[in-house]
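Everything below belongs to coords18.csv, which stores CSV, C-alpha atoms and all ligand atoms.
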```
chain,number,residue,atom,x,y,z
K,169,MET,CA,-24.4,153.6,-64.4
K,170,SER,CA,-26.2,156.2,-66.4
K,171,LYS,CA,-24.5,157.9,-69.4
K,172,GLU,CA,-27.1,159.2,-71.8
K,173,SER,CA,-28.2,162.4,-73.5
K,174,GLY,CA,-25.7,164.7,-71.9
K,175,MET,CA,-26.2,163.3,-68.4
K,176,THR,CA,-23.4,161.3,-66.8
K,177,VAL,CA,-24.0,159.8,-63.4
K,178,THR,CA,-21.5,157.2,-62.2
K,179,PRO,CA,-19.7,156.9,-58.8
K,180,TRP,CA,-16.7,158.7,-60.3
K,181,GLU,CA,-18.3,161.2,-62.6
K,182,VAL,CA,-21.4,163.4,-62.5
K,183,SER,CA,-22.0,166.0,-65.2
K,184,GLY,CA,-24.6,167.6,-67.4
K,185,GLU,CA,-28.3,168.2,-66.5
K,186,VAL,CA,-29.3,165.4,-64.1
K,187,ASN,CA,-32.7,164.0,-64.7
K,188,TYR,CA,-33.6,162.4,-61.3
K,189,GLU,CA,-36.9,160.9,-62.5
K,190,ARG,CA,-35.0,159.0,-65.1
K,191,LEU,CA,-32.4,157.8,-62.7
K,192,ILE,CA,-35.2,156.3,-60.6
K,193,LYS,CA,-36.5,154.4,-63.6
K,194,GLU,CA,-33.1,153.3,-64.9
K,195,PHE,CA,-31.8,152.3,-61.5
K,196,GLY,CA,-35.1,150.7,-60.5
K,197,THR,CA,-35.3,152.5,-57.1
K,198,THR,CA,-38.5,153.8,-55.3
K,199,PRO,CA,-39.4,157.5,-55.0
K,200,ILE,CA,-39.8,158.7,-51.4
K,201,SER,CA,-43.6,159.0,-51.0
K,202,GLU,CA,-45.4,161.6,-49.0
K,203,HIS,CA,-46.5,158.8,-46.7
K,204,LEU,CA,-42.9,157.8,-46.0
K,205,LYS,CA,-41.9,161.4,-45.5
K,206,ASP,CA,-44.7,161.7,-42.9
K,207,LYS,CA,-43.2,158.9,-40.9
K,208,VAL,CA,-39.8,160.6,-40.6
K,209,LYS,CA,-40.8,164.2,-40.1
K,210,LYS,CA,-38.4,164.6,-37.2
K,211,LEU,CA,-35.4,163.7,-39.3
K,212,HIS,CA,-33.2,166.4,-40.8
K,213,PRO,CA,-35.1,168.7,-43.2
K,214,LEU,CA,-33.0,167.3,-46.1
K,215,ILE,CA,-35.7,164.6,-46.3
K,216,ARG,CA,-38.9,166.5,-46.0
K,217,ARG,CA,-37.6,169.2,-48.3
K,218,GLY,CA,-36.8,166.7,-50.9
K,219,LEU,CA,-33.0,166.6,-51.4
K,220,TYR,CA,-33.5,162.9,-50.6
K,221,PHE,CA,-35.8,161.7,-53.2
K,222,SER,CA,-35.5,158.0,-53.7
K,223,HIS,CA,-34.8,154.8,-51.6
K,224,ARG,CA,-34.6,151.1,-51.5
K,225,ASP,CA,-36.4,149.3,-48.7
K,226,PHE,CA,-36.2,152.2,-46.3
K,227,ASP,CA,-39.8,151.3,-45.3
K,228,LYS,CA,-38.6,147.9,-44.3
K,229,TRP,CA,-35.8,149.4,-42.2
K,230,LEU,CA,-38.4,151.5,-40.3
K,231,GLU,CA,-40.6,148.5,-39.9
K,232,ALA,CA,-37.7,146.4,-38.4
K,233,HIS,CA,-37.1,149.3,-36.0
K,234,GLU,CA,-40.8,149.4,-35.0
K,235,LYS,CA,-40.7,145.7,-34.3
K,236,GLY,CA,-37.8,146.3,-31.9
K,237,LYS,CA,-35.2,144.7,-34.1
K,238,ARG,CA,-31.6,145.9,-34.4
K,239,VAL,CA,-31.1,148.5,-37.2
K,240,SER,CA,-28.0,150.4,-38.2
K,241,VAL,CA,-26.7,153.1,-40.5
K,242,ILE,CA,-23.7,152.9,-42.7
K,243,THR,CA,-22.3,155.6,-45.0
K,244,GLY,CA,-18.8,156.4,-46.1
K,245,ARG,CA,-16.5,159.1,-47.3
K,246,GLY,CA,-13.9,159.0,-50.0
K,247,PRO,CA,-11.1,161.3,-48.7
K,248,SER,CA,-9.9,162.9,-51.9
K,249,GLU,CA,-9.5,166.3,-50.4
K,250,LYS,CA,-10.7,168.5,-47.5
K,251,MET,CA,-14.4,168.4,-46.8
K,252,GLN,CA,-16.7,171.0,-48.2
K,253,ILE,CA,-20.3,171.7,-47.3
K,254,GLY,CA,-21.8,169.4,-50.0
K,255,HIS,CA,-20.0,166.5,-48.4
K,256,LEU,CA,-22.1,166.9,-45.3
K,257,VAL,CA,-25.3,165.6,-46.9
K,258,PRO,CA,-25.2,161.9,-46.1
K,259,PHE,CA,-23.6,162.5,-42.7
K,260,LEU,CA,-26.3,164.9,-41.5
K,261,ILE,CA,-28.9,162.2,-42.3
K,262,ALA,CA,-26.8,159.5,-40.6
K,263,LYS,CA,-26.6,161.7,-37.5
K,264,SER,CA,-30.3,162.4,-37.4
K,265,LEU,CA,-31.1,158.7,-37.9
K,266,GLN,CA,-28.8,158.0,-35.0
K,267,ASP,CA,-30.5,160.6,-32.8
K,268,GLU,CA,-34.0,159.5,-33.7
K,269,PHE,CA,-33.6,155.8,-33.7
K,270,LYS,CA,-30.7,155.4,-31.2
K,271,CYS,CA,-28.9,153.2,-33.6
K,272,GLU,CA,-25.2,152.5,-34.4
K,273,VAL,CA,-23.6,154.3,-37.3
K,274,PHE,CA,-20.6,152.9,-39.3
K,275,ILE,CA,-18.4,155.2,-41.3
K,276,PRO,CA,-15.8,153.7,-43.6
K,277,ILE,CA,-13.2,156.0,-45.1
K,278,SER,CA,-12.2,154.8,-48.5
K,279,ASP,CA,-8.6,156.1,-48.8
K,280,ASP,CA,-7.8,153.2,-51.0
K,281,GLU,CA,-10.6,154.1,-53.5
K,282,LYS,CA,-9.4,157.7,-53.9
K,283,PHE,CA,-5.8,156.5,-54.1
K,284,TYR,CA,-6.6,154.2,-57.0
K,285,VAL,CA,-9.0,156.6,-58.8
K,286,LYS,CA,-7.3,160.0,-58.4
K,287,GLU,CA,-4.3,159.9,-60.6
K,288,HIS,CA,-2.4,162.6,-58.6
K,289,LEU,CA,-3.4,161.7,-55.1
K,290,GLY,CA,-0.3,160.3,-53.3
K,291,PHE,CA,-0.5,157.5,-50.7
K,292,GLU,CA,0.5,159.7,-47.8
K,293,ASP,CA,-1.9,162.4,-48.9
K,294,ALA,CA,-4.8,160.0,-48.9
K,295,ILE,CA,-4.0,159.1,-45.3
K,296,LYS,CA,-3.6,162.7,-44.3
K,297,PHE,CA,-7.0,163.7,-45.9
K,298,SER,CA,-8.6,160.7,-44.1
K,299,TYR,CA,-7.5,162.2,-40.7
K,300,GLU,CA,-8.7,165.7,-41.6
K,301,ASN,CA,-12.0,164.3,-42.8
K,302,ILE,CA,-12.5,162.2,-39.7
K,303,LEU,CA,-12.2,165.4,-37.6
K,304,ASP,CA,-15.0,167.0,-39.6
K,305,LEU,CA,-17.1,163.9,-39.2
K,306,ILE,CA,-16.6,163.7,-35.4
K,307,ALA,CA,-17.4,167.4,-35.1
K,308,LEU,CA,-20.9,166.7,-36.4
K,309,GLY,CA,-21.7,165.2,-33.0
K,310,PHE,CA,-22.0,161.5,-33.6
K,311,LYS,CA,-22.3,159.5,-30.4
K,312,PRO,CA,-19.0,157.9,-29.1
K,313,GLY,CA,-19.5,154.2,-28.4
K,314,LYS,CA,-22.3,154.0,-31.0
K,315,THR,CA,-20.3,155.3,-34.0
K,316,PHE,CA,-17.5,153.4,-35.6
K,317,ILE,CA,-15.1,155.0,-38.1
K,318,PHE,CA,-12.5,153.0,-40.0
K,319,GLU,CA,-10.0,153.7,-42.8
K,320,ASP,CA,-9.3,151.0,-45.3
K,321,PHE,CA,-5.5,151.5,-45.1
K,322,VAL,CA,-5.5,151.4,-41.3
K,323,TYR,CA,-8.3,149.1,-40.2
K,324,THR,CA,-6.9,146.3,-42.4
K,325,ASP,CA,-9.2,143.7,-40.8
K,326,ILE,CA,-11.7,144.9,-43.4
K,327,TYR,CA,-9.6,143.1,-46.1
K,328,LYS,CA,-10.8,139.7,-44.8
K,329,TYR,CA,-14.4,140.7,-45.6
K,330,ALA,CA,-13.5,142.3,-48.9
K,331,ALA,CA,-11.8,139.1,-49.9
K,332,ARG,CA,-14.8,136.9,-49.1
K,333,ILE,CA,-16.9,139.2,-51.2
K,334,ALA,CA,-14.4,139.4,-54.0
K,335,LYS,CA,-14.6,135.7,-54.3
K,336,ARG,CA,-18.3,135.9,-55.1
K,337,MET,CA,-18.1,139.0,-57.4
K,338,THR,CA,-17.2,138.3,-61.0
K,339,TYR,CA,-15.2,140.8,-63.1
K,340,SER,CA,-18.2,141.1,-65.3
K,341,MET,CA,-20.5,142.0,-62.4
K,342,ALA,CA,-18.2,144.8,-61.5
K,343,LYS,CA,-17.8,145.8,-65.1
K,344,THR,CA,-21.5,146.0,-65.7
K,345,SER,CA,-22.0,148.2,-62.7
K,346,PHE,CA,-19.1,150.5,-63.2
K,347,GLY,CA,-18.0,150.4,-66.9
K,348,LEU,CA,-14.4,149.5,-66.1
K,349,SER,CA,-12.1,150.0,-69.0
K,350,PRO,CA,-8.9,148.1,-69.8
K,351,GLU,CA,-6.4,150.9,-69.3
K,352,GLN,CA,-7.6,151.5,-65.7
K,353,ASN,CA,-5.5,150.1,-62.9
K,354,VAL,CA,-6.7,146.9,-61.3
K,355,GLY,CA,-7.5,148.8,-58.1
K,356,TRP,CA,-10.7,150.0,-59.8
K,357,SER,CA,-11.8,146.5,-60.4
K,358,PHE,CA,-11.1,145.3,-56.9
K,359,TYR,CA,-12.6,148.3,-55.1
K,360,PRO,CA,-16.2,147.3,-55.6
K,361,ALA,CA,-15.6,144.3,-53.3
K,362,MET,CA,-14.2,146.7,-50.7
K,363,GLN,CA,-17.2,149.0,-50.8
K,364,ALA,CA,-19.5,146.0,-50.6
K,365,ALA,CA,-17.5,145.0,-47.5
K,366,HIS,CA,-18.2,148.4,-46.0
K,367,ILE,CA,-21.9,148.2,-46.7
K,368,LEU,CA,-22.1,144.7,-45.2
K,369,PHE,CA,-19.7,145.5,-42.4
K,370,PRO,CA,-22.5,146.2,-39.8
K,371,GLN,CA,-23.8,142.7,-40.4
K,372,PHE,CA,-20.3,141.0,-40.3
K,373,TYR,CA,-19.7,142.9,-37.0
K,374,ARG,CA,-23.1,142.6,-35.3
K,375,GLY,CA,-24.8,139.7,-37.1
K,376,LYS,CA,-27.7,139.8,-39.6
K,377,HIS,CA,-29.8,142.9,-39.4
K,378,MET,CA,-31.2,145.8,-41.5
K,379,SER,CA,-28.8,148.6,-42.3
K,380,VAL,CA,-29.6,151.7,-44.3
K,381,VAL,CA,-27.1,153.5,-46.5
K,382,PRO,CA,-27.8,157.3,-47.0
K,383,VAL,CA,-25.8,158.2,-50.1
K,384,GLY,CA,-25.8,160.3,-53.3
K,385,ILE,CA,-27.7,158.6,-56.1
K,386,ASP,CA,-24.4,158.1,-58.0
K,387,GLN,CA,-23.4,155.5,-55.5
K,388,ASP,CA,-26.5,153.3,-56.2
K,389,PRO,CA,-24.5,150.8,-58.4
K,390,PHE,CA,-22.6,149.8,-55.3
K,391,ILE,CA,-25.9,149.3,-53.4
K,392,ARG,CA,-27.3,147.1,-56.2
K,393,LEU,CA,-24.2,145.0,-56.4
K,394,THR,CA,-24.1,144.6,-52.6
K,395,ARG,CA,-27.7,143.7,-52.3
K,396,ASP,CA,-27.1,140.8,-54.7
K,397,ILE,CA,-24.1,139.6,-52.8
K,398,ALA,CA,-25.7,140.0,-49.4
K,399,VAL,CA,-28.1,137.1,-50.0
K,400,HIS,CA,-25.4,134.7,-51.3
K,401,ARG,CA,-25.4,131.6,-49.2
K,402,ASP,CA,-21.9,132.3,-48.0
K,403,PHE,CA,-23.4,135.3,-46.1
K,404,ASN,CA,-27.1,135.0,-45.8
K,405,PHE,CA,-27.5,138.6,-44.8
K,406,GLU,CA,-30.3,141.1,-45.1
K,407,LYS,CA,-30.2,143.2,-48.3
K,408,PRO,CA,-29.1,146.7,-47.1
K,409,ALA,CA,-31.6,149.5,-47.6
K,410,ALA,CA,-30.7,152.9,-49.2
K,411,LEU,CA,-31.7,156.5,-49.1
K,412,HIS,CA,-30.6,158.4,-52.2
K,413,SER,CA,-30.0,162.1,-52.4
K,414,LYS,CA,-29.8,164.5,-55.3
K,415,PHE,CA,-26.6,166.5,-55.7
K,416,LEU,CA,-26.3,169.9,-54.0
K,417,PRO,CA,-25.4,172.4,-56.7
K,418,SER,CA,-21.9,173.8,-56.9
K,419,LEU,CA,-21.4,177.5,-56.1
K,420,GLY,CA,-21.6,178.3,-59.8
K,421,GLY,CA,-24.8,176.3,-60.2
K,422,GLY,CA,-23.4,173.1,-61.8
K,423,ALA,CA,-24.7,169.6,-61.3
K,424,LYS,CA,-22.6,168.7,-58.2
K,425,MET,CA,-20.7,170.8,-55.7
K,426,SER,CA,-17.3,169.7,-56.7
K,427,SER,CA,-14.1,171.2,-55.5
K,428,SER,CA,-12.3,170.7,-58.8
K,429,GLU,CA,-14.1,173.9,-59.8
K,430,GLY,CA,-12.0,175.5,-57.1
K,431,ASN,CA,-14.8,177.4,-55.6
K,432,ALA,CA,-16.4,175.1,-53.1
K,433,ILE,CA,-17.0,176.2,-49.5
K,434,TYR,CA,-14.7,174.1,-47.3
K,435,LEU,CA,-15.5,173.4,-43.6
K,436,THR,CA,-12.3,175.0,-42.7
K,437,ASP,CA,-12.9,178.3,-44.6
K,438,SER,CA,-12.5,181.6,-42.7
K,439,PRO,CA,-15.5,184.0,-42.6
K,440,GLU,CA,-13.7,186.2,-45.1
K,441,GLU,CA,-13.2,183.4,-47.6
K,442,VAL,CA,-16.9,182.4,-47.3
K,443,LYS,CA,-17.9,186.0,-47.9
K,444,LYS,CA,-15.6,186.3,-50.9
K,445,LYS,CA,-16.7,183.0,-52.5
K,446,ILE,CA,-20.4,183.6,-52.1
K,447,ASN,CA,-20.3,187.2,-53.4
K,448,LYS,CA,-18.0,186.3,-56.3
K,449,TYR,CA,-19.3,182.9,-57.4
K,450,ALA,CA,-22.7,182.0,-56.0
K,451,PHE,CA,-25.0,181.6,-59.0
K,452,SER,CA,-28.0,183.9,-58.6
K,453,GLY,CA,-31.6,183.6,-59.5
K,454,GLY,CA,-32.0,187.4,-59.4
K,455,GLN,CA,-32.6,189.8,-62.3
K,456,ALA,CA,-29.9,191.9,-63.9
K,457,THR,CA,-30.9,195.2,-62.4
K,458,ILE,CA,-32.5,196.2,-59.1
K,459,ASP,CA,-35.5,197.8,-60.8
K,460,GLU,CA,-36.1,194.7,-62.9
K,461,HIS,CA,-35.7,192.4,-59.8
K,462,ARG,CA,-38.3,194.5,-57.8
K,463,LYS,CA,-40.7,194.2,-60.7
K,464,LYS,CA,-40.3,190.6,-61.9
K,465,GLY,CA,-38.9,189.0,-58.7
K,466,GLY,CA,-36.1,186.4,-58.5
K,467,ASN,CA,-36.1,182.6,-59.0
K,468,PRO,CA,-35.2,180.8,-55.7
K,469,ASP,CA,-35.3,177.4,-57.5
K,470,VAL,CA,-32.1,178.0,-59.3
K,471,ASP,CA,-30.5,180.4,-56.8
K,472,VAL,CA,-27.6,178.6,-55.1
K,473,CYS,CA,-27.7,180.6,-51.9
K,474,PHE,CA,-31.4,179.7,-51.5
K,475,GLN,CA,-30.6,176.0,-52.1
K,476,TYR,CA,-27.9,176.1,-49.4
K,477,LEU,CA,-30.3,177.7,-46.9
K,478,LYS,CA,-33.1,175.2,-47.8
K,479,TYR,CA,-31.0,172.1,-47.5
K,480,LEU,CA,-28.3,172.9,-45.0
K,481,PHE,CA,-28.5,176.2,-43.1
K,482,GLU,CA,-32.1,177.3,-42.3
K,483,GLU,CA,-33.9,174.7,-40.2
K,484,ASP,CA,-36.9,176.9,-39.5
K,485,ASP,CA,-39.7,176.1,-42.1
K,486,ASN,CA,-41.4,179.5,-41.5
K,487,LYS,CA,-38.3,181.5,-41.9
K,488,LEU,CA,-37.4,179.7,-45.1
K,489,LYS,CA,-40.9,180.2,-46.5
K,490,ARG,CA,-40.6,183.9,-45.9
K,491,ILE,CA,-37.2,184.2,-47.6
K,492,GLU,CA,-38.5,182.2,-50.6
K,493,ASP,CA,-41.6,184.4,-50.9
K,494,ASP,CA,-39.7,187.6,-50.5
K,495,TYR,CA,-37.2,186.7,-53.1
K,496,ARG,CA,-39.7,185.4,-55.6
K,497,GLU,CA,-41.8,188.5,-55.3
K,498,GLY,CA,-38.8,190.9,-55.6
K,499,ARG,CA,-39.0,192.2,-52.0
K,500,MET,CA,-35.6,190.6,-51.2
K,501,LEU,CA,-32.6,191.5,-53.4
K,502,THR,CA,-29.8,189.1,-54.4
K,503,GLY,CA,-27.3,191.1,-52.3
K,504,GLU,CA,-29.6,190.7,-49.3
K,505,LEU,CA,-30.0,186.9,-49.9
K,506,LYS,CA,-26.3,186.6,-50.2
K,507,ALA,CA,-25.6,188.5,-47.0
K,508,LEU,CA,-28.0,186.3,-45.1
K,509,THR,CA,-26.5,183.1,-46.5
K,510,ILE,CA,-23.0,184.3,-45.6
K,511,GLU,CA,-24.1,185.0,-42.1
K,512,LYS,CA,-25.8,181.6,-41.7
K,513,ILE,CA,-22.8,179.7,-43.2
K,514,ASN,CA,-20.3,181.5,-41.0
K,515,ASN,CA,-22.4,180.9,-37.8
K,516,PHE,CA,-22.4,177.2,-38.7
K,517,LEU,CA,-18.7,177.1,-39.5
K,518,LYS,CA,-17.8,178.9,-36.3
K,519,GLU,CA,-19.4,176.2,-34.2
K,520,HIS,CA,-18.2,173.5,-36.5
K,521,GLN,CA,-14.5,174.6,-36.3
K,522,LYS,CA,-14.7,174.8,-32.5
K,523,ARG,CA,-16.0,171.2,-32.3
K,524,ARG,CA,-13.4,170.2,-34.9
K,525,GLU,CA,-10.6,171.3,-32.6
K,526,LEU,CA,-12.1,169.3,-29.7
K,527,ALA,CA,-12.5,166.3,-32.0
K,528,LYS,CA,-8.7,166.0,-32.1
K,529,LYS,CA,-8.7,164.6,-28.6
K,530,GLN,CA,-11.7,162.3,-29.3
K,531,VAL,CA,-10.4,160.4,-32.4
K,532,ASP,CA,-9.5,157.3,-30.4
K,533,LYS,CA,-13.1,156.9,-29.1
K,534,PHE,CA,-14.4,156.5,-32.7
K,535,LEU,CA,-11.8,154.6,-34.6
K,536,LEU,CA,-12.1,150.8,-34.9
K,537,LYS,CA,-8.9,148.9,-34.1
K,538,ASN,CA,-7.6,145.7,-35.8
K,539,LYS,CA,-8.1,142.6,-33.7
M,601,LIG,N1,-17.4,155.8,-52.5
M,601,LIG,C1,-18.0,156.9,-51.7
M,601,LIG,C2,-17.6,158.2,-52.3
M,601,LIG,O1,-16.8,158.4,-53.1
M,601,LIG,C3,-17.5,156.8,-50.3
M,601,LIG,C4,-17.8,155.5,-49.6
M,601,LIG,C5,-16.9,154.5,-49.2
M,601,LIG,C6,-19.1,155.0,-49.3
M,601,LIG,N2,-17.5,153.5,-48.6
M,601,LIG,C7,-18.9,153.7,-48.6
M,601,LIG,C8,-20.4,155.4,-49.4
M,601,LIG,C9,-19.9,152.9,-48.2
M,601,LIG,C10,-21.5,154.7,-48.9
M,601,LIG,C11,-21.2,153.4,-48.3
M,601,LIG,O2,-18.2,159.2,-51.8
```
As a first step, turn the structure in this file into structure tokens.
Ligand code: TRP
Amino acid sequence: MSKESGMTVTPWEVSGEVNYERLIKEFGTTPISEHLKDKVKKLHPLIRRGLYFSHRDFDKWLEAHEKGKRVSVITGRGPSEKMQIGHLVPFLIAKSLQDEFKCEVFIPISDDEKFYVKEHLGFEDAIKFSYENILDLIALGFKPGKTFIFEDFVYTDIYKYAARIAKRMTYSMAKTSFGLSPEQNVGWSFYPAMQAAHILFPQFYRGKHMSVVPVGIDQDPFIRLTRDIAVHRDFNFEKPAALHSKFLPSLGGGAKMSSSEGNAIYLTDSPEEVKKKINKYAFSGGQATIDEHRKKGGNPDVDVCFQYLKYLFEEDDNKLKRIEDDYREGRMLTGELKALTIEKINNFLKEHQKRRELAKKQVDKFLLKNK
């Protein structure tokens, strides 16, 4: 947990100016080196373009794969609402790891977590959002038979693992990691055992092996806790590896794209909604007037549209470079950059929404069933 000098980064709250270098130091993680990036050039551009910036033992995971050992990927989703584009970040990496390394992917849906933590989220709504989110996840193209999705409230077999972990996790371990406070319901204190069960699930299910967890850096406290528990003699598992991402900025340019600001782009938005939101809210790195912009140029590093293109919607490195140069040197105006981004997002969403419809018939192929 980090809560200093205007920066708050916990699994349940991210605010202020996030200093990622400092998080690496405080959390004790490893920066992703150029050497490591070189080894995974074929993965989604999110890695080579730096949204993923830190890891734990990902080099060991790659090594295990090179030696022909079993490896897997596990990352989860807290279904507090409909999914928006920022929520795609861990799943795009999970999918590209699956494609590249032909490995299994496990996706727990923590409806219990969001039910405990979100004061106004009802039990039925948590379950409804889970279903809606699962459609979005399947639509990303994960391989049936190699991808296992489960919801805590439905795949209740997970409880048996959570209980075994809870027995080896003291209240003070959970408290140090998450800063629990006395007025919070006890669901908050138990949930860390559940998420540890998610992270170790591939090993409970398939036996001891290396898993990697692609995840926002705010989730690292869960990783640390789980790595400690993994090696307890009750389990004797491998410590799970992790890949940590920075936060995608919200439309207005804030620390994290969060829908509480009411202006996130949802995966179910219509082309008109996307156009309206980008034009109205997307924080721009452009100058106040066209003349000034032509003279001084814009700043793509703070421009939200450019960030979305860079991390999610423009896979072609050459095209991205041209957009960056044109914008920085004032040849491309903010209106033009916005129009381009709207078109790219809408093309992506059109395909996504088609696949999301088809996903409705595939759900059974992906969901784990209680034994
Ligand atoms: N807690 C995560 C979130 O709020 C979701 C999640 C549940 C998760 N289980 C997980 C993430 C296991 C990584 C691994 O976004």
| task | Find the residues around Pro370 in chain K up to 8 Å (all atoms listed in the file counted), leave out those fewer than 6 positions away in its own chain, and share them as a ChimeraX atom specification. | result | /K:240,242,274,379
| message | Let me see if you get this right: every residue at most 7 Å from ligand LIG 601 (chain M), counting all atoms listed in the file, written as a list in words. | response | Pro179, Ile242, Thr243, Gly244, Arg245, Gly246, Pro276, Ile277, Ser278, Gln363, His366, Ile367, Val381, Val383 and Gln387 of chain K
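CA of Val257 in chain K is positioned 24.3 Å from CA of Asp532 in chain K.
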| task | Excluding Asp396 in chain K and any residue of its chain fewer than 5 positions from it, enumerate the residues within 10 Å of it, using all atoms listed in the file, and give them as a ChimeraX atom specification. | result | /K:337,391,407-408
| request: Write out as a ChimeraX atom specification each polymer residue whose atoms come within 10 Å of Tyr329 in chain K, counting all atoms listed in the file; drop sequence neighbours fewer than 5 positions from it. | output: /K:324,334,361-362,364-366,368-369,372
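Here CA of Phe358 in chain K is placed at a distance of 14.6 Å from CA of Pro389 in chain K.
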| For His212 in chain K, which of K:Lys263, K:Arg374, K:Lys489, K:Lys444 is the closest residue, counting all atoms listed in the file? |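 Nearest candidate to His212 in chain K out of K:Lys263, K:Arg374, K:Lys489, K:Lys444: K:Lys263.
Counting all atoms listed in the file and comparing K:Glu189, K:Glu249, K:Asp267, K:Glu406, the residue that lies closest to Asp225 in chain K is K:Glu406.
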| request: Identify, on the basis of all atoms listed in the file, every residue whose closest approach to Glu281 in chain K does not exceed 8 Å; exclude the query and any residue fewer than 4 positions from it along the same chain; express the result as a PyMOL selection string. | output: chain K and resi 246+285+355-356+359
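Among the candidates K:Lys478, K:Lys282, K:Arg524, K:Lys270, the residue lying nearest to Lys237 in chain K is K:Lys270 (atoms considered: only C-alpha atoms).
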| message | Using Å and a single decimal, report how far CA of Ala409 in chain K sits from CA of His223 in chain K. | response |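 We find that CA of His223 in chain K and CA of Ala409 in chain K lie 7.4 Å from each other.
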| task | Write out as a ChimeraX atom specification each polymer residue whose atoms come within 12 Å of Ile302 in chain K, counting only C-alpha atoms; drop sequence neighbours fewer than 2 positions from it. | result | /K:244-247,249-251,259,275-279,295-300,304-310,315-319,524-525,527-535
Any chance you could export the current selection's C-alpha atoms as a short mmCIF file (atom, residue, chain, number, x, y, z; two decimals), in the coordinates of the input?
```cif
data_model
loop_
_atom_site.label_atom_id
_atom_site.label_comp_id
_atom_site.auth_asym_id
_atom_site.auth_seq_id
_atom_site.Cartn_x
_atom_site.Cartn_y
_atom_site.Cartn_z
CA GLY K 244 -18.80 156.40 -46.10
CA ARG K 245 -16.50 159.10 -47.30
CA GLY K 246 -13.90 159.00 -50.00
CA PRO K 247 -11.10 161.30 -48.70
CA GLU K 249 -9.50 166.30 -50.40
CA LYS K 250 -10.70 168.50 -47.50
CA MET K 251 -14.40 168.40 -46.80
CA PHE K 259 -23.60 162.50 -42.70
CA ILE K 275 -18.40 155.20 -41.30
CA PRO K 276 -15.80 153.70 -43.60
CA ILE K 277 -13.20 156.00 -45.10
CA SER K 278 -12.20 154.80 -48.50
CA ASP K 279 -8.60 156.10 -48.80
CA ILE K 295 -4.00 159.10 -45.30
CA LYS K 296 -3.60 162.70 -44.30
CA PHE K 297 -7.00 163.70 -45.90
CA SER K 298 -8.60 160.70 -44.10
CA TYR K 299 -7.50 162.20 -40.70
CA GLU K 300 -8.70 165.70 -41.60
CA ASP K 304 -15.00 167.00 -39.60
CA LEU K 305 -17.10 163.90 -39.20
CA ILE K 306 -16.60 163.70 -35.40
CA ALA K 307 -17.40 167.40 -35.10
CA LEU K 308 -20.90 166.70 -36.40
CA GLY K 309 -21.70 165.20 -33.00
CA PHE K 310 -22.00 161.50 -33.60
CA THR K 315 -20.30 155.30 -34.00
CA PHE K 316 -17.50 153.40 -35.60
CA ILE K 317 -15.10 155.00 -38.10
CA PHE K 318 -12.50 153.00 -40.00
CA GLU K 319 -10.00 153.70 -42.80
CA ARG K 524 -13.40 170.20 -34.90
CA GLU K 525 -10.60 171.30 -32.60
CA ALA K 527 -12.50 166.30 -32.00
CA LYS K 528 -8.70 166.00 -32.10
CA LYS K 529 -8.70 164.60 -28.60
CA GLN K 530 -11.70 162.30 -29.30
CA VAL K 531 -10.40 160.40 -32.40
CA ASP K 532 -9.50 157.30 -30.40
CA LYS K 533 -13.10 156.90 -29.10
CA PHE K 534 -14.40 156.50 -32.70
CA LEU K 535 -11.80 154.60 -34.60
#
```
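Closest to Leu411 in chain K among K:Gly453, K:Gly466, K:Gly174, K:Pro258 is K:Pro258, based on all atoms listed in the file.
Distances from K:Ile513, K:Ala410, K:Ala232, K:Ile491 to Asn467 in chain K were compared using all atoms listed in the file, and the smallest one belongs to K:Ile491.
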| Pick from K:Leu260, K:Ile192, K:Val380, K:Met175 nearest to Phe226 in chain K, counting all atoms listed in the file |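 Among K:Leu260, K:Ile192, K:Val380, K:Met175, it is K:Val380 that comes nearest to Phe226 in chain K.
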| request: Kindly extract all protein, DNA and RNA residues lying within 12 Å of the coordinates (-33.1, 175.0, -44.6) given in the file, considering all atoms listed in the file, and supply them as a PyMOL selection string. | output: chain K and resi 212-219+473-492+509+512-513
For range 185-191 of chain K, supply N, CA and C atoms and format the output as a short mmCIF file (atom, residue, chain, number, x, y, z; two decimals), in the frame of the given file.
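File selection.cif, as written:
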```cif
data_model
loop_
_atom_site.label_atom_id
_atom_site.label_comp_id
_atom_site.auth_asym_id
_atom_site.auth_seq_id
_atom_site.Cartn_x
_atom_site.Cartn_y
_atom_site.Cartn_z
N GLU K 185 -26.98 167.99 -67.16
CA GLU K 185 -28.30 168.20 -66.50
C GLU K 185 -28.76 166.89 -65.97
N VAL K 186 -28.88 166.75 -64.64
CA VAL K 186 -29.30 165.40 -64.10
C VAL K 186 -30.79 165.30 -64.06
N ASN K 187 -31.30 164.26 -64.70
CA ASN K 187 -32.70 164.00 -64.70
C ASN K 187 -33.03 162.90 -63.65
N TYR K 188 -33.48 163.33 -62.47
CA TYR K 188 -33.60 162.40 -61.30
C TYR K 188 -34.74 161.39 -61.54
N GLU K 189 -35.81 161.84 -62.20
CA GLU K 189 -36.90 160.90 -62.50
C GLU K 189 -36.40 159.73 -63.30
N ARG K 190 -35.55 160.09 -64.29
CA ARG K 190 -35.00 159.00 -65.10
C ARG K 190 -34.10 158.10 -64.40
N LEU K 191 -33.34 158.64 -63.46
CA LEU K 191 -32.40 157.80 -62.70
C LEU K 191 -33.25 156.77 -61.88
#
```
